[in-house]
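**Q** The structure is given below, and queries will be raised subsequently.
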Amino acid sequence: MTATMTWVGPDVHARSTLAAAIDRGSGELTRARFGVGTEEVVAWLAALPQPIHGCDEAGPTGYALYRACEVAGLHVDVVAPSKTPRAPGDRGKTDRKYAELLVRLLMDGSLTPV
């Protein structure tokens, strides 16, 4: 497999998705917000510099995105939420912060695929 060009961490909910992506070449962080469904997210992921490596947490919404990405030929892992490292006292979880945390932990190899 060729080296990952873009790392992606989407935070998927039933009504919206916020995603963060980091381009390996430039180090640029890109964010995007989507409505309901996976079609827009998959299209955005496909438009990023390829190949990508993304992740989302296990659950009904995470598996839906995983399946849609698998059909499109995009590499997205489902990770265990209970094994996602969190800083002690970190209570301010926002979708933006969490999407960025996921992408950085994925780049670091700190997430456990299920």
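Identifiers in the structure tokens: chain A, B, ... in order shown; residue index from 1 per chain; ligand index from 1 in order shown.
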What's around segment 27-36 of chain A at 7 Å? Count only C-alpha atoms, leave out sequence neighbours fewer than 6 positions away in its own chain, and write the answer as a PDB file with N, CA, C and O atoms, in the first residue's frame.
**A**
```
ATOM      1  N   ALA A  14     -26.149  11.558  14.151  1.00  0.00           N
ATOM      2  CA  ALA A  14     -27.341  11.222  13.372  1.00  0.00           C
ATOM      3  C   ALA A  14     -27.754  12.368  12.444  1.00  0.00           C
ATOM      4  O   ALA A  14     -28.243  12.135  11.344  1.00  0.00           O
ATOM      5  N   ARG A  15     -27.560  13.616  12.881  1.00  0.00           N
ATOM      6  CA  ARG A  15     -28.035  14.761  12.096  1.00  0.00           C
ATOM      7  C   ARG A  15     -26.946  15.559  11.399  1.00  0.00           C
ATOM      8  O   ARG A  15     -27.242  16.445  10.592  1.00  0.00           O
ATOM      9  N   SER A  16     -25.691  15.298  11.745  1.00  0.00           N
ATOM     10  CA  SER A  16     -24.609  16.065  11.125  1.00  0.00           C
ATOM     11  C   SER A  16     -23.284  15.323  11.263  1.00  0.00           C
ATOM     12  O   SER A  16     -23.148  14.413  12.073  1.00  0.00           O
ATOM     13  N   THR A  17     -22.335  15.765  10.460  1.00  0.00           N
ATOM     14  CA  THR A  17     -20.970  15.248  10.525  1.00  0.00           C
ATOM     15  C   THR A  17     -20.024  16.425  10.414  1.00  0.00           C
ATOM     16  O   THR A  17     -20.210  17.295   9.568  1.00  0.00           O
ATOM     17  N   LEU A  18     -19.019  16.458  11.289  1.00  0.00           N
ATOM     18  CA  LEU A  18     -17.953  17.431  11.159  1.00  0.00           C
ATOM     19  C   LEU A  18     -16.677  16.636  10.961  1.00  0.00           C
ATOM     20  O   LEU A  18     -16.415  15.711  11.718  1.00  0.00           O
ATOM     21  N   ALA A  19     -15.915  16.963   9.927  1.00  0.00           N
ATOM     22  CA  ALA A  19     -14.710  16.203   9.624  1.00  0.00           C
ATOM     23  C   ALA A  19     -13.502  17.118   9.601  1.00  0.00           C
ATOM     24  O   ALA A  19     -13.599  18.277   9.206  1.00  0.00           O
ATOM     25  N   ALA A  20     -12.372  16.560  10.022  1.00  0.00           N
ATOM     26  CA  ALA A  20     -11.093  17.251   9.944  1.00  0.00           C
ATOM     27  C   ALA A  20     -10.159  16.384   9.118  1.00  0.00           C
ATOM     28  O   ALA A  20     -10.167  15.162   9.241  1.00  0.00           O
ATOM     29  N   ALA A  21      -9.358  17.023   8.263  1.00  0.00           N
ATOM     30  CA  ALA A  21      -8.399  16.297   7.436  1.00  0.00           C
ATOM     31  C   ALA A  21      -7.073  17.032   7.457  1.00  0.00           C
ATOM     32  O   ALA A  21      -7.032  18.261   7.442  1.00  0.00           O
TER      33      ALA A  21
END
```
**Q** For Asp77 of chain A, please output as an MDAnalysis selection string all residues within 9 Å (counting only C-alpha atoms; exclusion window: fewer than 3 positions along the same chain).
**A** chainID A and resid 53:57 66 113:114
**Q** Can you write just those residues out, N, CA and C atoms, as a short mmCIF file (atom, residue, chain, number, x, y, z; two decimals), in the first residue's frame?
**A**
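Dumped everything to part_15.cif:
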```cif
data_model
loop_
_atom_site.label_atom_id
_atom_site.label_comp_id
_atom_site.auth_asym_id
_atom_site.auth_seq_id
_atom_site.Cartn_x
_atom_site.Cartn_y
_atom_site.Cartn_z
N HIS A 53 -6.55 7.89 4.81
CA HIS A 53 -6.75 6.94 5.91
C HIS A 53 -7.58 7.69 6.94
N GLY A 54 -8.79 7.22 7.18
CA GLY A 54 -9.69 7.87 8.10
C GLY A 54 -10.16 6.93 9.18
N CYS A 55 -10.88 7.47 10.13
CA CYS A 55 -11.44 6.64 11.21
C CYS A 55 -12.70 7.32 11.74
N ASP A 56 -13.55 6.51 12.34
CA ASP A 56 -14.70 7.00 13.08
C ASP A 56 -14.96 6.02 14.20
N GLU A 57 -15.62 6.48 15.23
CA GLU A 57 -15.88 5.62 16.37
C GLU A 57 -17.00 4.63 16.07
N TYR A 66 -18.44 3.92 7.53
CA TYR A 66 -17.45 2.89 7.16
C TYR A 66 -17.92 2.10 5.93
N PRO A 113 -8.40 -0.12 16.02
CA PRO A 113 -9.50 -0.53 15.13
C PRO A 113 -10.26 -1.72 15.70
N VAL A 114 -11.57 -1.76 15.45
CA VAL A 114 -12.37 -2.91 15.91
C VAL A 114 -12.69 -3.82 14.74
#
```
**Q** Expressed in Å to a single decimal, how great is the separation between atom CA of Ser26 of chain A and atom CA of Leu106 of chain A?
**A** 17.4 Å
**Q** Using only C-alpha atoms, find the one residue out of A:His13, A:Thr38, A:Gly109, A:Met5 that sits nearest to Glu70 of chain A.
**A**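 Nearest candidate to Glu70 of chain A out of A:His13, A:Thr38, A:Gly109, A:Met5: A:Thr38.
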**Q** Report the distance between atom CA of Thr6 of chain A and atom CA of Leu101 of chain A in Å, rounded to one decimal place.
**A** 15.0 Å
**Q** Just give me the gap between atom CA of Ala72 of chain A and atom CA of Lys97 of chain A in Å, one decimal is fine.
**A** 26.8 Å
**Q** What parts of segment 47-81 of chain A does DSSP call alpha helix (DSSP H)? I'd like the answer as a PyMOL selection string.
**A** chain A and resi 47+60-72
**Q** How would the residues just chosen look if you wrote them out with N, CA and C atoms as a JSON list (two decimals), in the first residue's frame?
**A**
```
[["chain", "number", "residue", "atom", "x", "y", "z"],
["A", 47, "ALA", "N", -12.60, 13.49, -2.88],
["A", 47, "ALA", "CA", -11.97, 14.65, -3.51],
["A", 47, "ALA", "C", -10.65, 15.05, -2.85],
["A", 60, "PRO", "N", -23.76, 3.16, 15.51],
["A", 60, "PRO", "CA", -24.60, 3.11, 14.31],
["A", 60, "PRO", "C", -24.16, 4.09, 13.22],
["A", 61, "THR", "N", -23.73, 5.27, 13.60],
["A", 61, "THR", "CA", -23.32, 6.25, 12.59],
["A", 61, "THR", "C", -21.93, 5.94, 12.06],
["A", 62, "GLY", "N", -21.04, 5.46, 12.89],
["A", 62, "GLY", "CA", -19.68, 5.13, 12.46],
["A", 62, "GLY", "C", -19.67, 4.00, 11.47],
["A", 63, "TYR", "N", -20.46, 2.98, 11.72],
["A", 63, "TYR", "CA", -20.49, 1.85, 10.80],
["A", 63, "TYR", "C", -21.14, 2.22, 9.47],
["A", 64, "ALA", "N", -22.10, 3.13, 9.49],
["A", 64, "ALA", "CA", -22.74, 3.56, 8.24],
["A", 64, "ALA", "C", -21.72, 4.26, 7.35],
["A", 65, "LEU", "N", -20.91, 5.15, 7.92],
["A", 65, "LEU", "CA", -19.88, 5.82, 7.14],
["A", 65, "LEU", "C", -18.83, 4.83, 6.66],
["A", 66, "TYR", "N", -18.44, 3.92, 7.53],
["A", 66, "TYR", "CA", -17.45, 2.89, 7.16],
["A", 66, "TYR", "C", -17.92, 2.10, 5.93],
["A", 67, "ARG", "N", -19.17, 1.65, 5.97],
["A", 67, "ARG", "CA", -19.70, 0.85, 4.86],
["A", 67, "ARG", "C", -19.76, 1.66, 3.56],
["A", 68, "ALA", "N", -20.18, 2.91, 3.65],
["A", 68, "ALA", "CA", -20.25, 3.76, 2.46],
["A", 68, "ALA", "C", -18.85, 4.01, 1.89],
["A", 69, "CYS", "N", -17.88, 4.20, 2.74],
["A", 69, "CYS", "CA", -16.51, 4.41, 2.28],
["A", 69, "CYS", "C", -15.92, 3.14, 1.68],
["A", 70, "GLU", "N", -16.25, 2.01, 2.26],
["A", 70, "GLU", "CA", -15.77, 0.72, 1.74],
["A", 70, "GLU", "C", -16.26, 0.52, 0.31],
["A", 71, "VAL", "N", -17.53, 0.82, 0.06],
["A", 71, "VAL", "CA", -18.10, 0.70, -1.29],
["A", 71, "VAL", "C", -17.37, 1.64, -2.27],
["A", 72, "ALA", "N", -17.00, 2.83, -1.79],
["A", 72, "ALA", "CA", -16.32, 3.81, -2.64],
["A", 72, "ALA", "C", -14.82, 3.55, -2.76]]
```
**Q** May I have the residues within 9 Å of Ser110 of chain A as a list in words, using only C-alpha atoms and disregarding those fewer than 2 positions away in the same chain?
**A**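 Within the cut-off, the hits are Lys83, Thr84, Pro85, Arg104, Leu105, Leu106, Met107, Asp108 and Thr112 of chain A.
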**Q** If you keep all heavy atoms, can you produce a file of those selected residues as a PDB file, in the first residue's frame?
**A**
```
ATOM      1  N   LYS A  83     -11.370   2.989  23.901  1.00  0.00           N
ATOM      2  CA  LYS A  83      -9.910   2.973  23.848  1.00  0.00           C
ATOM      3  C   LYS A  83      -9.339   4.257  23.243  1.00  0.00           C
ATOM      4  O   LYS A  83      -8.146   4.335  22.978  1.00  0.00           O
ATOM      5  CB  LYS A  83      -9.442   1.771  23.045  1.00  0.00           C
ATOM      6  CG  LYS A  83      -9.947   0.478  23.627  1.00  0.00           C
ATOM      7  CD  LYS A  83      -8.983  -0.628  23.421  1.00  0.00           C
ATOM      8  CE  LYS A  83      -9.618  -1.898  23.931  1.00  0.00           C
ATOM      9  NZ  LYS A  83      -8.907  -2.521  24.956  1.00  0.00           N
ATOM     10  N   THR A  84     -10.186   5.256  23.027  1.00  0.00           N
ATOM     11  CA  THR A  84      -9.722   6.535  22.503  1.00  0.00           C
ATOM     12  C   THR A  84      -9.113   7.337  23.643  1.00  0.00           C
ATOM     13  O   THR A  84      -9.799   7.657  24.611  1.00  0.00           O
ATOM     14  CB  THR A  84     -10.887   7.328  21.872  1.00  0.00           C
ATOM     15  OG1 THR A  84     -11.459   6.542  20.827  1.00  0.00           O
ATOM     16  CG2 THR A  84     -10.411   8.650  21.314  1.00  0.00           C
ATOM     17  N   PRO A  85      -7.802   7.645  23.579  1.00  0.00           N
ATOM     18  CA  PRO A  85      -7.157   8.393  24.666  1.00  0.00           C
ATOM     19  C   PRO A  85      -7.774   9.783  24.824  1.00  0.00           C
ATOM     20  O   PRO A  85      -8.069  10.458  23.846  1.00  0.00           O
ATOM     21  CB  PRO A  85      -5.701   8.512  24.206  1.00  0.00           C
ATOM     22  CG  PRO A  85      -5.528   7.513  23.121  1.00  0.00           C
ATOM     23  CD  PRO A  85      -6.873   7.300  22.516  1.00  0.00           C
ATOM     24  N   ARG A 104      -5.619  13.468  14.683  1.00  0.00           N
ATOM     25  CA  ARG A 104      -4.262  13.503  15.249  1.00  0.00           C
ATOM     26  C   ARG A 104      -3.902  12.165  15.909  1.00  0.00           C
ATOM     27  O   ARG A 104      -2.773  11.695  15.789  1.00  0.00           O
ATOM     28  CB  ARG A 104      -4.123  14.661  16.216  1.00  0.00           C
ATOM     29  CG  ARG A 104      -4.207  16.000  15.496  1.00  0.00           C
ATOM     30  CD  ARG A 104      -3.970  17.190  16.391  1.00  0.00           C
ATOM     31  NE  ARG A 104      -4.362  18.425  15.788  1.00  0.00           N
ATOM     32  CZ  ARG A 104      -3.705  19.064  14.819  1.00  0.00           C
ATOM     33  NH1 ARG A 104      -2.631  18.533  14.304  1.00  0.00           N
ATOM     34  NH2 ARG A 104      -4.135  20.205  14.339  1.00  0.00           N
ATOM     35  N   LEU A 105      -4.855  11.550  16.613  1.00  0.00           N
ATOM     36  CA  LEU A 105      -4.605  10.256  17.217  1.00  0.00           C
ATOM     37  C   LEU A 105      -4.418   9.177  16.150  1.00  0.00           C
ATOM     38  O   LEU A 105      -3.590   8.266  16.312  1.00  0.00           O
ATOM     39  CB  LEU A 105      -5.764   9.863  18.151  1.00  0.00           C
ATOM     40  CG  LEU A 105      -5.889  10.678  19.425  1.00  0.00           C
ATOM     41  CD1 LEU A 105      -7.165  10.326  20.171  1.00  0.00           C
ATOM     42  CD2 LEU A 105      -4.672  10.471  20.336  1.00  0.00           C
ATOM     43  N   LEU A 106      -5.159   9.274  15.053  1.00  0.00           N
ATOM     44  CA  LEU A 106      -4.993   8.327  13.953  1.00  0.00           C
ATOM     45  C   LEU A 106      -3.594   8.449  13.352  1.00  0.00           C
ATOM     46  O   LEU A 106      -2.919   7.444  13.112  1.00  0.00           O
ATOM     47  CB  LEU A 106      -6.056   8.571  12.879  1.00  0.00           C
ATOM     48  CG  LEU A 106      -5.998   7.648  11.661  1.00  0.00           C
ATOM     49  CD1 LEU A 106      -6.291   6.209  12.066  1.00  0.00           C
ATOM     50  CD2 LEU A 106      -6.999   8.111  10.624  1.00  0.00           C
ATOM     51  N   MET A 107      -3.140   9.673  13.132  1.00  0.00           N
ATOM     52  CA  MET A 107      -1.800   9.890  12.592  1.00  0.00           C
ATOM     53  C   MET A 107      -0.729   9.326  13.517  1.00  0.00           C
ATOM     54  O   MET A 107       0.291   8.817  13.073  1.00  0.00           O
ATOM     55  CB  MET A 107      -1.550  11.395  12.392  1.00  0.00           C
ATOM     56  CG  MET A 107      -2.326  12.007  11.260  1.00  0.00           C
ATOM     57  SD  MET A 107      -2.069  13.788  11.175  1.00  0.00           S
ATOM     58  CE  MET A 107      -0.350  13.876  10.716  1.00  0.00           C
ATOM     59  N   ASP A 108      -0.974   9.442  14.804  1.00  0.00           N
ATOM     60  CA  ASP A 108      -0.028   9.001  15.834  1.00  0.00           C
ATOM     61  C   ASP A 108      -0.037   7.489  16.042  1.00  0.00           C
ATOM     62  O   ASP A 108       0.835   6.931  16.676  1.00  0.00           O
ATOM     63  CB  ASP A 108      -0.374   9.722  17.147  1.00  0.00           C
ATOM     64  CG  ASP A 108       0.645   9.501  18.225  1.00  0.00           C
ATOM     65  OD1 ASP A 108       1.846   9.487  17.898  1.00  0.00           O
ATOM     66  OD2 ASP A 108       0.245   9.333  19.383  1.00  0.00           O
ATOM     67  N   THR A 112      -7.387   2.152  18.306  1.00  0.00           N
ATOM     68  CA  THR A 112      -7.521   0.704  18.157  1.00  0.00           C
ATOM     69  C   THR A 112      -8.688   0.383  17.229  1.00  0.00           C
ATOM     70  O   THR A 112      -9.839   0.596  17.603  1.00  0.00           O
ATOM     71  CB  THR A 112      -7.782   0.053  19.538  1.00  0.00           C
ATOM     72  OG1 THR A 112      -6.733   0.446  20.433  1.00  0.00           O
ATOM     73  CG2 THR A 112      -7.842  -1.443  19.424  1.00  0.00           C
TER      74      THR A 112
END
```
